[in-house]
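Here is the structure we will look at.
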Amino acid sequence: MSLYRLLSFGTKLFSKKFISGLISTPPNIERHKHYIRSIKRKHIALYVHIPYCLEPLCRFCCFVRYPLRRKADMINYASALLEEIEWYHENLEEASIGSIYFGGGTPTINISVLGELIDSLRSYFGDVPITVESNPRTLVNGEIDELKSLRIKRLSIGIQSFQNWRLKKMGRFSLPVEENKRIIKEALGKFDTVNIDMVWGIPGDTVQSVIYDAVESFKLGVDQVTFYPIMPPPMKSKVMPDYVSLPIREELKLYKALLVTTLSYGYRPDTPWCMSKITKGQQLIDEYITEYYDFVGIGVSSIGKIGNYVYVNHFYPEKYIRSVRKKKLSVTRSIQLGDIDRALFDIQSSLFGLGIRKPVKIISTTSFILWSLVHLLFNTLVSLRDIHENIPLLYALHLIQKTLYTGMNTLREIGMRYKL
């Protein structure tokens, strides 16, 4: 346990330094333009954030989202998105977009608007593989066939749980369990990959409750199941007021149960959270940052990373729309990472994808030595035992990622609270 605590503590320090630096640094628009225009022939990902959701908003969710109360709000937001997309197209001419990911919020809250955004992106960047997150409540009246017609490669459905008491605990207003299962079965075979998102580690969870949801997920025969841990920000949150992280010993017990169940049903981890029955490399996984060193974020609260440069957009829709209409961009904070911090960021992303990639560029001797040491250590650990069965190593990678994401949730909490 002491090693896990040490990993958690070290990651918290890194995360705190990174988030504090980002929050306290106002944007430099000319620097932003320079970095975007400097991308030449790079394979990068594009993330698009849709901040609107059905009501009531779920208590467990830590992402930036707002209730959609007027259809006009989504239309106005999409109009601003199209302006931002056009600007990036004009300034990313020498870059290669390898993947487009729609997250939220609920991207499928208005599928006709989603279709317009997808058409625009394809007109600019070609027939790029597209992933779309969805809420099953938006897929009850033929919407799955509409999404298929949009040639989406991967559909991710946010189920969260197949147990009513857990859904109630999460504040998740959901369809009946059997209706959710019907929707999942309807989607199977219509997309290259169908993923369902599940949540674990909520107050009251036991080994039995975690195993139950895992079994119900795998029995459906979906391509992937992504098990997200609860990740409340360290600060008191308006969004997640009654959530706290589990003690390491208790969380490890739940994680072991989850992984053993995964293996027993013939699934394998592509990341510590994403379990797949497809051979690694043939599917689009949930965490695009494990596949791409660099990614561009557009829309409310989106985060982008280009080399040493990291930025985040405005957190409030009205502020985002005003900024885009005025200057085509909506960057509210940005920071330049040092060589060591960038190496740590890239190494962590690589490890979470259960691999250790070579650095895109050797930035300094120190970062190269650090990368080489981690590469040697990881390969040694993997050689001792199959990564798919190495629970201690997988849990360590889970803990690092969860701690970093928890730090990001602090950024989101501050961004929403103070309307950055």
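Numbering starts fresh at 1 for the residues of each chain in the structure tokens, the chains themselves are lettered A, B, ... in the order given, and ligands are numbered from 1 as they appear.
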I'd like to know which residues of range 184-226 of chain A are alpha helix (DSSP H) (by DSSP, run on the backbone); could you write them as a ChimeraX atom specification?
/A:184-187,207-219
Spatial neighbours of Glu86 in chain A, 9 Å, only C-alpha atoms, chain gap at least 5 places, as a list in words
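Those residues are Leu81, Asn91, Ser120, Leu121, Tyr124 and Lys328 of chain A.
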List as a ChimeraX atom specification the protein and nucleic acid residues near range 267-275 of chain A, meaning an atom at most 6 Å away when only C-alpha atoms are counted, but skip any in the same chain fewer than 5 places from it.
/A:224-227,262,352-354,394,398
With N, CA and C atoms kept, could you save the residues just selected as an mmCIF file, in the first residue's frame?
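The new file result_35.cif reads:
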data_model
loop_
_atom_site.group_PDB
_atom_site.id
_atom_site.type_symbol
_atom_site.label_atom_id
_atom_site.label_comp_id
_atom_site.auth_asym_id
_atom_site.auth_seq_id
_atom_site.Cartn_x
_atom_site.Cartn_y
_atom_site.Cartn_z
ATOM 1 N N GLN A 224 -16.748 -3.214 -26.258
ATOM 2 C CA GLN A 224 -15.939 -2.664 -25.164
ATOM 3 C C GLN A 224 -16.825 -2.258 -24.000
ATOM 4 N N VAL A 225 -16.256 -2.319 -22.811
ATOM 5 C CA VAL A 225 -16.879 -1.731 -21.634
ATOM 6 C C VAL A 225 -15.815 -0.888 -20.951
ATOM 7 N N THR A 226 -16.117 0.370 -20.712
ATOM 8 C CA THR A 226 -15.175 1.247 -20.019
ATOM 9 C C THR A 226 -15.696 1.514 -18.620
ATOM 10 N N PHE A 227 -14.904 1.108 -17.622
ATOM 11 C CA PHE A 227 -15.292 1.248 -16.227
ATOM 12 C C PHE A 227 -14.592 2.472 -15.629
ATOM 13 N N THR A 262 -13.578 -9.444 -15.670
ATOM 14 C CA THR A 262 -13.264 -9.113 -17.062
ATOM 15 C C THR A 262 -12.573 -10.281 -17.757
ATOM 16 N N PHE A 352 -0.754 4.559 -19.728
ATOM 17 C CA PHE A 352 -2.165 4.261 -19.524
ATOM 18 C C PHE A 352 -2.720 3.445 -20.691
ATOM 19 N N GLY A 353 -2.149 3.622 -21.873
ATOM 20 C CA GLY A 353 -2.528 2.805 -23.022
ATOM 21 C C GLY A 353 -1.816 1.474 -23.054
ATOM 22 N N LEU A 354 -1.192 1.110 -21.918
ATOM 23 C CA LEU A 354 -0.492 -0.177 -21.747
ATOM 24 C C LEU A 354 0.633 -0.356 -22.755
ATOM 25 N N LEU A 394 -1.586 -2.835 -13.236
ATOM 26 C CA LEU A 394 -2.763 -2.169 -13.794
ATOM 27 C C LEU A 394 -3.385 -1.217 -12.783
ATOM 28 N N HIS A 398 -3.957 2.741 -13.103
ATOM 29 C CA HIS A 398 -5.276 3.300 -12.802
ATOM 30 C C HIS A 398 -5.170 4.446 -11.804
#
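One finds CA of Gln163 in chain A at 12.6 Å from CA of Thr206 in chain A.
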Could you state the separation of CA of Tyr101 in chain A and CA of Asp223 in chain A in Å, given to one decimal place?
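If I compute the distance from CA of Tyr101 in chain A to CA of Asp223 in chain A, I get 17.7 Å.
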Do you know which residues are at most 12 Å from Arg182 in chain A counting only C-alpha atoms, after dropping those on the same chain fewer than 2 positions away, and could you put them as a PyMOL selection string?
chain A and resi 136-137+139-140+144+159+175-180+184-188+220
Let me make sure I understand: among A:Val260, A:Ala343, A:Cys58, A:Leu252, which one has the smallest atom-to-atom distance to Leu167 in chain A if we use only C-alpha atoms?
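For Leu167 in chain A, the nearest of the given residues is A:Cys58.
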